[in-house]
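J.: Provided herewith: my_file_21.cif, mmCIF, C-alpha atoms.
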```
data_upload
#
loop_
_atom_site.label_atom_id
_atom_site.label_comp_id
_atom_site.auth_asym_id
_atom_site.auth_seq_id
_atom_site.Cartn_x
_atom_site.Cartn_y
_atom_site.Cartn_z
CA MET A 1 72.64 97.96 119.30
CA ILE A 2 71.89 98.23 115.54
CA ARG A 3 69.47 95.85 113.84
CA PHE A 4 68.38 95.72 110.21
CA GLU A 5 65.23 93.74 109.41
CA ASN A 6 64.54 93.04 105.71
CA VAL A 7 65.67 96.52 104.66
CA THR A 8 65.45 97.48 100.98
CA LYS A 9 66.31 100.77 99.29
CA ARG A 10 64.95 101.16 95.77
CA TYR A 11 65.16 104.43 93.82
CA ALA A 12 62.59 105.88 91.42
CA ASP A 13 64.58 104.79 88.36
CA GLY A 14 64.32 101.17 89.51
CA THR A 15 67.85 100.90 90.90
CA THR A 16 68.00 98.71 94.00
CA ALA A 17 70.85 99.94 96.21
CA VAL A 18 70.15 97.59 99.11
CA ASP A 19 68.08 94.43 98.78
CA ASP A 20 66.35 92.74 101.74
CA LEU A 21 69.19 93.35 104.19
CA SER A 22 69.09 91.76 107.68
CA PHE A 23 71.94 91.83 110.19
CA GLU A 24 72.79 92.93 113.73
CA VAL A 25 75.68 94.84 115.28
CA ALA A 26 76.29 94.19 118.97
CA GLU A 27 76.94 96.94 121.49
CA GLY A 28 80.61 97.95 121.47
CA GLU A 29 81.31 96.06 118.22
CA LEU A 30 83.18 97.54 115.28
CA VAL A 31 81.77 96.24 112.00
CA THR A 32 83.37 97.13 108.69
CA LEU A 33 81.24 97.28 105.53
CA VAL A 34 83.49 96.50 102.59
CA GLY A 35 82.90 96.13 98.89
CA PRO A 36 83.36 97.82 95.50
CA SER A 37 81.85 101.20 94.63
CA GLY A 38 78.07 101.12 94.15
CA CYS A 39 77.48 97.96 96.15
CA GLY A 40 75.25 99.60 98.78
CA LYS A 41 77.55 99.87 101.79
CA THR A 42 77.34 103.69 102.14
CA THR A 43 73.59 103.57 101.55
CA THR A 44 73.35 101.05 104.40
CA MET A 45 75.26 103.31 106.76
CA LYS A 46 73.31 106.47 105.82
CA MET A 47 70.02 104.74 106.52
CA VAL A 48 71.07 104.37 110.17
CA ASN A 49 71.00 108.15 110.71
CA ARG A 50 68.19 108.66 108.18
CA LEU A 51 70.22 110.64 105.68
CA ILE A 52 68.64 108.07 103.37
CA GLU A 53 65.22 106.56 104.09
CA PRO A 54 64.63 102.87 103.35
CA THR A 55 61.94 101.84 100.88
CA SER A 56 60.88 98.97 103.10
CA GLY A 57 62.00 97.14 106.20
CA ARG A 58 62.88 98.41 109.67
CA ILE A 59 66.05 99.62 111.39
CA PHE A 60 66.39 99.59 115.16
CA LEU A 61 68.82 101.53 117.33
CA ASP A 62 69.12 100.19 120.86
CA GLY A 63 65.74 98.49 120.44
CA GLU A 64 63.95 101.60 119.11
CA ASP A 65 62.57 101.80 115.57
CA ILE A 66 64.36 104.83 114.13
CA ALA A 67 61.41 105.59 111.82
CA ALA A 68 59.59 106.87 114.90
CA VAL A 69 62.43 109.19 115.97
CA ASP A 70 62.87 112.79 114.84
CA PRO A 71 65.76 112.68 112.31
CA VAL A 72 67.54 115.72 113.79
CA LYS A 73 67.39 114.33 117.32
CA LEU A 74 68.47 110.94 116.02
CA ARG A 75 71.56 112.37 114.32
CA ARG A 76 72.62 114.16 117.47
CA ARG A 77 72.76 110.74 119.16
CA ILE A 78 75.03 109.32 116.45
CA GLY A 79 78.61 110.32 115.71
CA TYR A 80 79.39 110.74 112.01
CA VAL A 81 82.84 110.86 110.39
CA ILE A 82 83.30 111.30 106.64
CA GLN A 83 86.32 111.14 104.36
CA GLN A 84 86.72 114.89 103.85
CA VAL A 85 86.02 115.56 107.55
CA GLY A 86 83.76 118.60 106.92
CA LEU A 87 85.20 120.92 109.55
CA PHE A 88 83.92 124.49 109.67
CA PRO A 89 86.77 126.61 108.24
CA HIS A 90 85.81 129.72 110.24
CA LYS A 91 85.85 127.92 113.59
CA THR A 92 88.84 126.90 115.65
CA VAL A 93 89.68 123.26 116.30
CA LEU A 94 88.24 123.51 119.80
CA GLU A 95 85.04 125.14 118.52
CA ASN A 96 84.67 122.53 115.79
CA THR A 97 85.03 119.73 118.32
CA ALA A 98 82.44 121.31 120.63
CA THR A 99 79.83 121.69 117.83
CA VAL A 100 77.41 118.91 118.80
CA PRO A 101 77.52 119.52 122.58
CA ALA A 102 76.74 123.19 121.82
CA LEU A 103 73.77 122.16 119.65
CA LEU A 104 72.54 119.98 122.49
CA GLY A 105 72.51 122.99 124.78
CA TRP A 106 75.54 122.20 126.90
CA GLN A 107 76.99 125.11 128.85
CA ARG A 108 79.91 126.67 126.98
CA LYS A 109 82.54 125.68 129.57
CA LYS A 110 81.29 122.10 129.74
CA ALA A 111 81.30 121.82 125.93
CA ARG A 112 84.82 123.25 125.64
CA ASP A 113 86.13 121.06 128.45
CA ARG A 114 84.69 118.01 126.72
CA ALA A 115 86.23 119.13 123.40
CA ALA A 116 89.63 119.57 125.05
CA GLU A 117 89.36 116.12 126.63
CA LEU A 118 88.58 114.51 123.26
CA LEU A 119 91.35 116.36 121.43
CA ASP A 120 93.81 115.06 123.99
CA LEU A 121 92.37 111.56 123.58
CA VAL A 122 93.00 111.60 119.81
CA GLY A 123 96.56 112.82 120.32
CA LEU A 124 96.14 116.57 119.71
CA ASP A 125 97.22 118.73 122.66
CA PRO A 126 94.38 121.27 123.06
CA SER A 127 96.81 123.90 124.33
CA VAL A 128 98.72 123.58 121.06
CA TYR A 129 95.98 122.87 118.51
CA GLY A 130 92.80 124.16 120.14
CA ASP A 131 93.08 127.73 118.79
CA ARG A 132 94.21 126.74 115.31
CA TYR A 133 91.94 126.70 112.28
CA PRO A 134 91.42 123.67 110.00
CA ASP A 135 93.63 125.10 107.22
CA GLN A 136 96.53 125.18 109.70
CA LEU A 137 96.38 121.41 110.18
CA SER A 138 97.67 118.47 108.16
CA GLY A 139 95.21 116.04 106.59
CA GLY A 140 95.82 113.48 109.33
CA GLN A 141 95.31 116.09 112.05
CA ARG A 142 92.02 117.23 110.48
CA GLN A 143 90.85 113.63 110.41
CA ARG A 144 91.63 113.30 114.12
CA VAL A 145 89.60 116.41 114.82
CA GLY A 146 86.73 114.86 112.85
CA VAL A 147 86.83 111.76 115.06
CA ALA A 148 87.01 113.90 118.22
CA ARG A 149 84.03 115.96 117.07
CA ALA A 150 82.00 112.81 116.38
CA LEU A 151 82.71 111.55 119.91
CA ALA A 152 82.21 114.85 121.73
CA ALA A 153 78.60 114.27 122.85
CA ASP A 154 79.46 110.68 123.85
CA PRO A 155 77.13 109.01 121.31
CA PRO A 156 76.56 105.26 121.63
CA VAL A 157 76.95 104.76 117.86
CA LEU A 158 79.63 106.00 115.47
CA LEU A 159 79.23 105.94 111.68
CA MET A 160 82.42 106.30 109.63
CA ASP A 161 82.42 106.65 105.83
CA GLU A 162 85.90 106.02 104.37
CA PRO A 163 87.33 107.98 107.32
CA PHE A 164 91.00 107.45 106.45
CA GLY A 165 90.77 107.44 102.66
CA ALA A 166 91.93 111.02 102.04
CA VAL A 167 95.42 110.70 103.55
CA ASP A 168 98.63 109.06 102.37
CA PRO A 169 99.32 105.39 103.25
CA VAL A 170 101.78 106.13 106.07
CA VAL A 171 99.43 108.56 107.82
CA ARG A 172 96.53 106.22 107.14
CA GLU A 173 98.21 103.37 108.99
CA ARG A 174 98.99 105.64 111.92
CA LEU A 175 95.39 106.84 112.06
CA GLN A 176 94.12 103.27 111.98
CA THR A 177 96.42 102.34 114.86
CA GLU A 178 95.33 105.41 116.81
CA PHE A 179 91.66 104.67 116.17
CA LEU A 180 92.03 101.08 117.38
CA ARG A 181 93.65 102.40 120.56
CA LEU A 182 90.83 104.89 120.97
CA GLN A 183 88.14 102.27 120.35
CA SER A 184 89.68 100.03 123.02
CA GLN A 185 89.03 102.85 125.48
CA VAL A 186 85.63 104.19 124.43
CA ARG A 187 84.06 100.96 123.03
CA LYS A 188 81.53 102.58 120.73
CA THR A 189 79.28 100.62 118.39
CA VAL A 190 80.84 101.42 115.02
CA LEU A 191 79.83 100.95 111.39
CA LEU A 192 82.81 101.76 109.19
CA VAL A 193 82.56 101.86 105.40
CA THR A 194 85.65 101.08 103.34
CA HIS A 195 86.53 99.70 99.93
CA ASP A 196 89.87 98.40 101.23
CA ILE A 197 89.79 94.77 102.40
CA GLU A 198 93.06 95.22 104.33
CA GLU A 199 91.57 98.12 106.29
CA ALA A 200 88.40 96.11 106.89
CA VAL A 201 90.41 93.16 108.18
CA ARG A 202 92.62 95.28 110.40
CA LEU A 203 89.86 97.31 112.04
CA GLY A 204 86.75 95.14 112.12
CA ASP A 205 85.58 92.79 114.85
CA ARG A 206 83.39 91.47 112.03
CA ILE A 207 83.25 92.21 108.31
CA ALA A 208 80.24 92.52 106.04
CA VAL A 209 81.42 91.79 102.49
CA TYR A 210 78.99 93.37 100.02
CA GLY A 211 78.09 92.20 96.56
CA ALA A 212 75.41 94.04 94.55
CA GLY A 213 73.18 95.37 97.32
CA ARG A 214 73.53 92.23 99.42
CA ILE A 215 75.90 90.96 102.09
CA GLU A 216 77.73 87.95 100.69
CA GLN A 217 79.42 87.09 104.00
CA PHE A 218 79.18 88.52 107.52
CA ASP A 219 81.82 87.03 109.79
CA THR A 220 85.08 87.60 111.63
CA PRO A 221 88.08 88.75 109.59
CA ALA A 222 89.80 85.42 110.17
CA SER A 223 86.81 83.46 108.87
CA VAL A 224 86.32 85.69 105.83
CA LEU A 225 89.97 85.24 104.89
CA GLY A 226 90.25 81.59 105.86
CA ALA A 227 86.91 80.32 104.60
CA PRO A 228 85.29 82.64 102.01
CA ALA A 229 81.57 81.81 101.82
CA THR A 230 81.23 82.28 98.06
CA PRO A 231 83.46 82.48 94.98
CA TYR A 232 82.65 86.22 94.91
CA VAL A 233 84.07 86.70 98.43
CA ALA A 234 87.14 84.61 97.58
CA ASP A 235 87.77 86.76 94.53
CA PHE A 236 87.18 90.00 96.43
CA VAL A 237 89.52 89.24 99.34
CA GLY A 238 92.17 88.13 96.83
CA ALA A 239 94.43 85.20 96.15
CA ASP A 240 96.81 86.50 98.82
CA ARG A 241 94.18 86.11 101.55
CA GLY A 242 96.55 83.75 103.38
CA LEU A 243 99.01 86.60 103.76
CA LYS A 244 96.23 88.97 104.84
CA ARG A 245 95.17 86.44 107.45
CA LEU A 246 98.57 86.77 109.11
CA SER A 247 97.45 90.19 110.36
CA VAL A 248 94.43 88.76 112.24
CA THR A 249 96.03 85.60 113.63
CA PRO A 250 97.63 86.11 117.07
CA ILE A 251 100.66 84.30 118.42
CA GLU A 252 99.57 81.76 121.02
CA PRO A 253 101.81 79.94 123.53
CA GLY A 254 101.07 76.64 121.79
CA ASP A 255 102.73 77.97 118.62
CA LEU A 256 106.13 78.26 120.26
CA GLU A 257 109.22 76.07 120.37
CA GLN A 258 111.15 75.60 123.61
CA PRO A 259 114.87 75.95 122.87
CA PRO A 260 117.66 75.38 125.42
CA VAL A 261 117.81 78.17 127.99
CA VAL A 262 120.89 79.36 129.88
CA HIS A 263 121.60 82.31 132.17
CA LEU A 264 124.14 85.11 131.93
CA ASP A 265 126.25 83.94 134.85
CA ASP A 266 126.25 80.26 133.90
CA PRO A 267 129.70 78.86 133.15
CA LEU A 268 130.25 78.51 129.44
CA ALA A 269 130.87 74.80 130.03
CA LYS A 270 127.32 74.43 131.32
CA ALA A 271 125.95 76.12 128.20
CA ALA A 272 128.08 73.85 126.01
CA ALA A 273 126.81 70.76 127.82
CA ARG A 274 123.21 71.91 127.46
CA LEU A 275 123.57 72.61 123.76
CA SER A 276 125.34 69.34 123.17
CA ALA A 277 122.68 67.37 125.03
CA ASP A 278 119.90 68.97 122.99
CA GLY A 279 121.77 68.88 119.70
CA ALA A 280 120.93 72.60 119.39
CA ARG A 281 122.72 75.30 117.40
CA TRP A 282 121.89 78.08 119.88
CA ALA A 283 120.39 78.77 123.28
CA VAL A 284 118.30 81.62 124.65
CA VAL A 285 120.05 83.67 127.33
CA LEU A 286 118.12 85.05 130.32
CA ASP A 287 119.32 87.33 133.10
CA ASP A 288 119.15 86.50 136.81
CA ALA A 289 115.48 87.66 136.88
CA ASP A 290 114.62 85.34 133.95
CA ARG A 291 114.20 88.29 131.57
CA LEU A 292 115.28 87.94 127.97
CA HIS A 293 118.84 89.08 127.36
CA GLY A 294 119.80 87.46 124.07
CA TRP A 295 121.21 84.25 122.71
CA ILE A 296 124.42 82.30 122.41
CA PRO A 297 125.45 80.23 119.38
CA ALA A 298 126.83 76.72 119.67
CA ASP A 299 130.20 77.72 118.21
CA ALA A 300 130.75 80.18 121.08
CA ALA A 301 129.87 77.53 123.63
CA ASP A 302 132.23 75.13 121.88
CA ALA A 303 135.10 77.39 122.95
CA VAL A 304 135.41 75.14 125.96
CA ASP A 305 135.36 71.35 126.08
CA ALA A 306 132.27 70.65 128.16
CA ALA A 307 133.32 67.12 128.97
CA ASP A 308 136.75 68.24 130.22
CA ALA A 309 135.26 71.00 132.31
CA ALA A 310 132.75 68.62 133.86
CA GLU A 311 135.63 66.48 135.14
CA LYS A 312 137.14 69.52 136.89
CA PRO A 313 134.50 70.93 139.22
CA GLY A 314 135.01 74.60 139.97
CA LYS A 315 137.20 75.13 136.88
CA GLU A 316 134.45 75.85 134.34
CA ALA A 317 134.67 79.64 134.50
CA ALA A 318 138.43 79.57 134.18
CA ALA A 319 138.23 77.17 131.26
CA GLY A 320 135.98 79.31 129.11
CA GLY A 321 134.41 82.12 131.08
CA THR A 322 130.69 82.62 131.51
CA VAL A 323 127.78 82.93 129.13
CA ARG A 324 127.84 86.70 129.72
CA ASP A 325 131.21 86.91 127.95
CA HIS A 326 129.81 85.42 124.75
CA ALA A 327 126.08 86.22 124.72
CA ARG A 328 124.62 88.30 121.90
CA ARG A 329 121.80 90.78 122.36
CA MET A 330 118.40 89.78 121.00
CA GLU A 331 116.31 92.57 119.47
CA ALA A 332 113.84 90.35 117.61
CA TRP A 333 111.05 89.80 120.11
CA LEU A 334 107.30 90.40 120.48
CA PRO A 335 104.68 90.08 123.21
CA VAL A 336 102.38 87.06 123.07
CA GLY A 337 99.16 87.93 121.27
CA SER A 338 100.93 89.95 118.58
CA SER A 339 99.89 89.05 115.06
CA LEU A 340 101.73 86.58 112.87
CA LYS A 341 102.18 89.47 110.43
CA GLN A 342 104.07 91.42 113.08
CA ALA A 343 106.15 88.32 113.78
CA PHE A 344 107.01 87.86 110.10
CA SER A 345 107.86 91.56 109.75
CA THR A 346 110.11 91.40 112.82
CA MET A 347 111.96 88.40 111.42
CA LEU A 348 112.59 90.28 108.17
CA GLN A 349 113.51 93.54 109.90
CA HIS A 350 116.18 91.88 112.04
CA ASP A 351 117.14 89.19 109.51
CA ALA A 352 116.33 86.68 112.24
CA GLY A 353 115.61 82.97 111.87
CA TRP A 354 113.38 83.13 114.95
CA ILE A 355 111.90 85.62 117.37
CA ALA A 356 111.49 85.46 121.12
CA VAL A 357 107.96 85.73 122.53
CA LEU A 358 107.35 87.29 125.93
CA ASP A 359 104.49 87.57 128.40
CA GLY A 360 105.38 90.85 130.06
CA ASP A 361 108.99 90.22 131.11
CA ARG A 362 108.58 86.44 131.14
CA PHE A 363 110.13 84.43 128.30
CA LEU A 364 107.61 81.98 126.81
CA GLY A 365 109.45 80.46 123.86
CA VAL A 366 110.44 81.22 120.29
CA LEU A 367 108.55 81.42 117.02
CA THR A 368 110.32 80.05 113.95
CA PRO A 369 109.21 80.34 110.31
CA ALA A 370 108.06 76.72 110.38
CA ARG A 371 106.01 77.29 113.54
CA LEU A 372 104.58 80.51 112.07
CA HIS A 373 103.36 78.54 109.05
CA GLU A 374 101.89 75.87 111.31
CA ALA A 375 100.12 78.52 113.40
CA LEU A 376 98.48 79.94 110.29
CA ARG A 377 97.36 76.49 109.12
CA ARG A 378 96.01 75.62 112.56
CA SER A 379 94.09 78.88 112.70
CA ILE A 380 92.41 78.21 109.34
CA ASP A 381 91.57 74.60 110.20
CA ALA A 382 90.32 75.60 113.67
CA ASP A 383 87.89 78.12 112.22
CA ALA A 384 86.71 75.66 109.59
CA GLY A 385 86.12 72.98 112.21
CA GLY A 386 84.83 75.22 114.99
CA ILE A 387 87.53 74.02 117.40
CA ALA A 388 90.45 75.51 119.31
CA ARG A 389 93.78 75.84 117.52
CA ALA A 390 95.42 73.51 120.05
CA GLU A 391 93.01 70.74 118.99
CA VAL A 392 94.05 70.84 115.33
CA GLU A 393 96.27 68.00 114.16
CA LEU A 394 98.40 68.94 111.18
CA GLN A 395 99.83 66.55 108.66
CA THR A 396 103.31 67.54 107.58
CA VAL A 397 105.67 66.20 104.92
CA ALA A 398 107.37 64.15 107.63
CA ASP A 399 104.07 62.40 108.38
CA VAL A 400 103.53 61.24 104.80
#
```
Could you express the structure from this file as structure tokens?

T.:
Amino acid sequence: MIRFENVTKRYADGTTAVDDLSFEVAEGELVTLVGPSGCGKTTTMKMVNRLIEPTSGRIFLDGEDIAAVDPVKLRRRIGYVIQQVGLFPHKTVLENTATVPALLGWQRKKARDRAAELLDLVGLDPSVYGDRYPDQLSGGQRQRVGVARALAADPPVLLMDEPFGAVDPVVRERLQTEFLRLQSQVRKTVLLVTHDIEEAVRLGDRIAVYGAGRIEQFDTPASVLGAPATPYVADFVGADRGLKRLSVTPIEPGDLEQPPVVHLDDPLAKAAARLSADGARWAVVLDDADRLHGWIPADAADAVDAADAAEKPGKEAAAGGTVRDHARRMEAWLPVGSSLKQAFSTMLQHDAGWIAVLDGDRFLGVLTPARLHEALRRSIDADAGGIARAEVELQTVADV
């Protein structure tokens, strides 16, 4: 959708902002441009809508050389979101959102209907917020309006310049989450400029890490964090890049352990026998539909002598009751595909030594701290070797 071919921007004083830049952004892809101030990332983005003209090289939008397109018409085909939003203070939220459709000559009702649809999509009820003015909104709400306005004419490309940088960290994280949800629905081709590597990693399908006017590495977040291409990239992403990588590494079924499983209405003796046979300290408890209920510790199951009960068929329930009487609820769980960072956070939040992993309502297994560490190592080695995580063979202390 966007293609740079040997693009350079050099100013009259001799400063080279962008030097011989070549890269492509696929349709529907979100690419984050990240780097320190003055590295050329904003210049790169502004050349796409011709707010800045390149000194040399060519830029293509959907196969068309943008140098041959009227700049005003070009900009009306591209959504643009900036840090300070730039809403018109004398216009209502609905009017602000309908700005570009109105400029394109849409009928007033069609433009307002589209604006209302987009406000609802970004989580602002048009019946509540539509008639308000920008100064009646919070910073996060204004930023949402800015995104809605950029999307109102349904442009194929969205340019975003530090879009969430002017709000506090809590609101920023919420806006990022909301934008990812929105992008999953609208699938625009997005160039997003940020100086924050964590934001770049969280939002980008791919990341362009800028040095001085050049891209030092252009790859997936996992690859940038797991295998920095240059010492500069390694220094920029930080010594804690392993921790950052947790946020872009999903939980896969192969990462899970399979503990003993019992059901709510099983006799306690059966649970005790199962735990004893496996040498386990606890078992996962499922209900009669095989949905996760909780867990039962070995000391609860030990309340009945499994061997004795086994010699007296039909007496198990009387001897110690059922699993239901001793099971504990399990709140530490996540759906498969969640990030390892979410898994680690859930363990800490619930002070849990493991978390259950589900596929819908179906129990898949449990993730322990040791398996979480292995999953991270497998992910890094898989990217480095160009193979699937399941194909990676890890050497552990026990193997040495």

J.: Tell me which of A:Thr177, A:Arg245, A:Leu191, A:Thr322 sits closest to Ala227 of chain A, counting all atoms listed in the file.

T.: A:Arg245

J.: Nearest residue to Phe218 of chain A out of A:Glu24, A:Leu286, A:Val93, A:Glu5, using all atoms listed in the file?

T.: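 So, comparing all the options, the nearest one is A:Glu24.
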
J.: Using 8 Å of padding on each side, determine the axis-aligned box around all atoms of segment 290-296 of chain A present in the file and give its centre and edge lengths in Å to one decimal, as AutoDock Vina command-line options.

T.:
```
--center_x 119.3 --center_y 85.7 --center_z 128.2 --size_x 26.2 --size_y 22.8 --size_z 27.5
```

J.: Would you mind telling me which residue in A:Val209, A:Leu74, A:Ala98, A:Ala300 lies nearest to Lys110 of chain A when using only C-alpha atoms?

T.: A:Ala98

J.: Looking at A:Ala222, A:Phe363, A:Ala370, A:Asn6, which one is nearest to Ala289 of chain A, with distances taken over only C-alpha atoms?

T.: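 Comparing A:Ala222, A:Phe363, A:Ala370, A:Asn6 against Ala289 of chain A, the winner is A:Phe363.
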
J.: Using only C-alpha atoms, which of A:Leu372, A:Met1, A:Leu33, A:Leu104 sits nearest Ile66 of chain A?

T.: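 That would be A:Met1, the residue with the smallest distance to Ile66 of chain A.
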
J.: Between A:Asp70, A:Glu252, A:Glu53, A:Glu199, which is the closest to Leu358 of chain A once you count only C-alpha atoms?

T.: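 That would be A:Glu252, the residue with the smallest distance to Leu358 of chain A.
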
J.: Which neighbours of Asp20 of chain A fall inside 10 Å, counting only C-alpha atoms, when residues of the same chain fewer than 5 positions from it are skipped, and could you give them as a list in words?

T.: Phe4, Glu5, Asn6, Val7, Thr8, Lys9, Ser56, Gly57, Gly213, Arg214 and Ile215 of chain A

J.: May I have the residues within 7 Å of Leu30 of chain A as a list in words, using all atoms listed in the file and disregarding those fewer than 6 positions away in the same chain?

T.: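 The residues that qualify are Thr189, Val190, Leu191, Gly204, Asp205 and Arg206 of chain A.
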
J.: Write segment 113-129 of chain A as a tab-separated table (two decimals), in the coordinates of the input, completed to N, CA and C atoms.

T.:
```tsv
chain	number	residue	atom	x	y	z
A	113	ASP	N	85.35	122.02	127.66
A	113	ASP	CA	86.13	121.06	128.45
A	113	ASP	C	86.06	119.67	127.82
A	114	ARG	N	84.86	119.30	127.37
A	114	ARG	CA	84.69	118.01	126.72
A	114	ARG	C	85.48	117.97	125.41
A	115	ALA	N	85.48	119.06	124.65
A	115	ALA	CA	86.23	119.13	123.40
A	115	ALA	C	87.72	118.99	123.67
A	116	ALA	N	88.21	119.67	124.71
A	116	ALA	CA	89.63	119.57	125.05
A	116	ALA	C	90.01	118.15	125.45
A	117	GLU	N	89.12	117.50	126.21
A	117	GLU	CA	89.36	116.12	126.63
A	117	GLU	C	89.46	115.19	125.42
A	118	LEU	N	88.56	115.37	124.45
A	118	LEU	CA	88.58	114.51	123.26
A	118	LEU	C	89.77	114.79	122.37
A	119	LEU	N	90.16	116.05	122.23
A	119	LEU	CA	91.35	116.36	121.43
A	119	LEU	C	92.57	115.68	122.03
A	120	ASP	N	92.69	115.72	123.33
A	120	ASP	CA	93.81	115.06	123.99
A	120	ASP	C	93.75	113.55	123.76
A	121	LEU	N	92.54	112.99	123.77
A	121	LEU	CA	92.37	111.56	123.58
A	121	LEU	C	92.79	111.11	122.18
A	122	VAL	N	92.60	111.97	121.17
A	122	VAL	CA	93.00	111.60	119.81
A	122	VAL	C	94.42	112.05	119.49
A	123	GLY	N	95.15	112.50	120.50
A	123	GLY	CA	96.56	112.82	120.32
A	123	GLY	C	96.86	114.22	119.84
A	124	LEU	N	95.92	115.17	120.06
A	124	LEU	CA	96.14	116.57	119.71
A	124	LEU	C	96.05	117.41	120.98
A	125	ASP	N	97.18	117.92	121.44
A	125	ASP	CA	97.22	118.73	122.66
A	125	ASP	C	96.35	119.96	122.47
A	126	PRO	N	95.27	120.11	123.25
A	126	PRO	CA	94.38	121.27	123.06
A	126	PRO	C	95.07	122.60	123.29
A	127	SER	N	96.09	122.64	124.11
A	127	SER	CA	96.81	123.90	124.33
A	127	SER	C	97.64	124.30	123.12
A	128	VAL	N	97.95	123.32	122.28
A	128	VAL	CA	98.72	123.58	121.06
A	128	VAL	C	97.80	123.77	119.85
A	129	TYR	N	96.81	122.89	119.71
A	129	TYR	CA	95.98	122.87	118.51
A	129	TYR	C	94.59	123.51	118.68
```
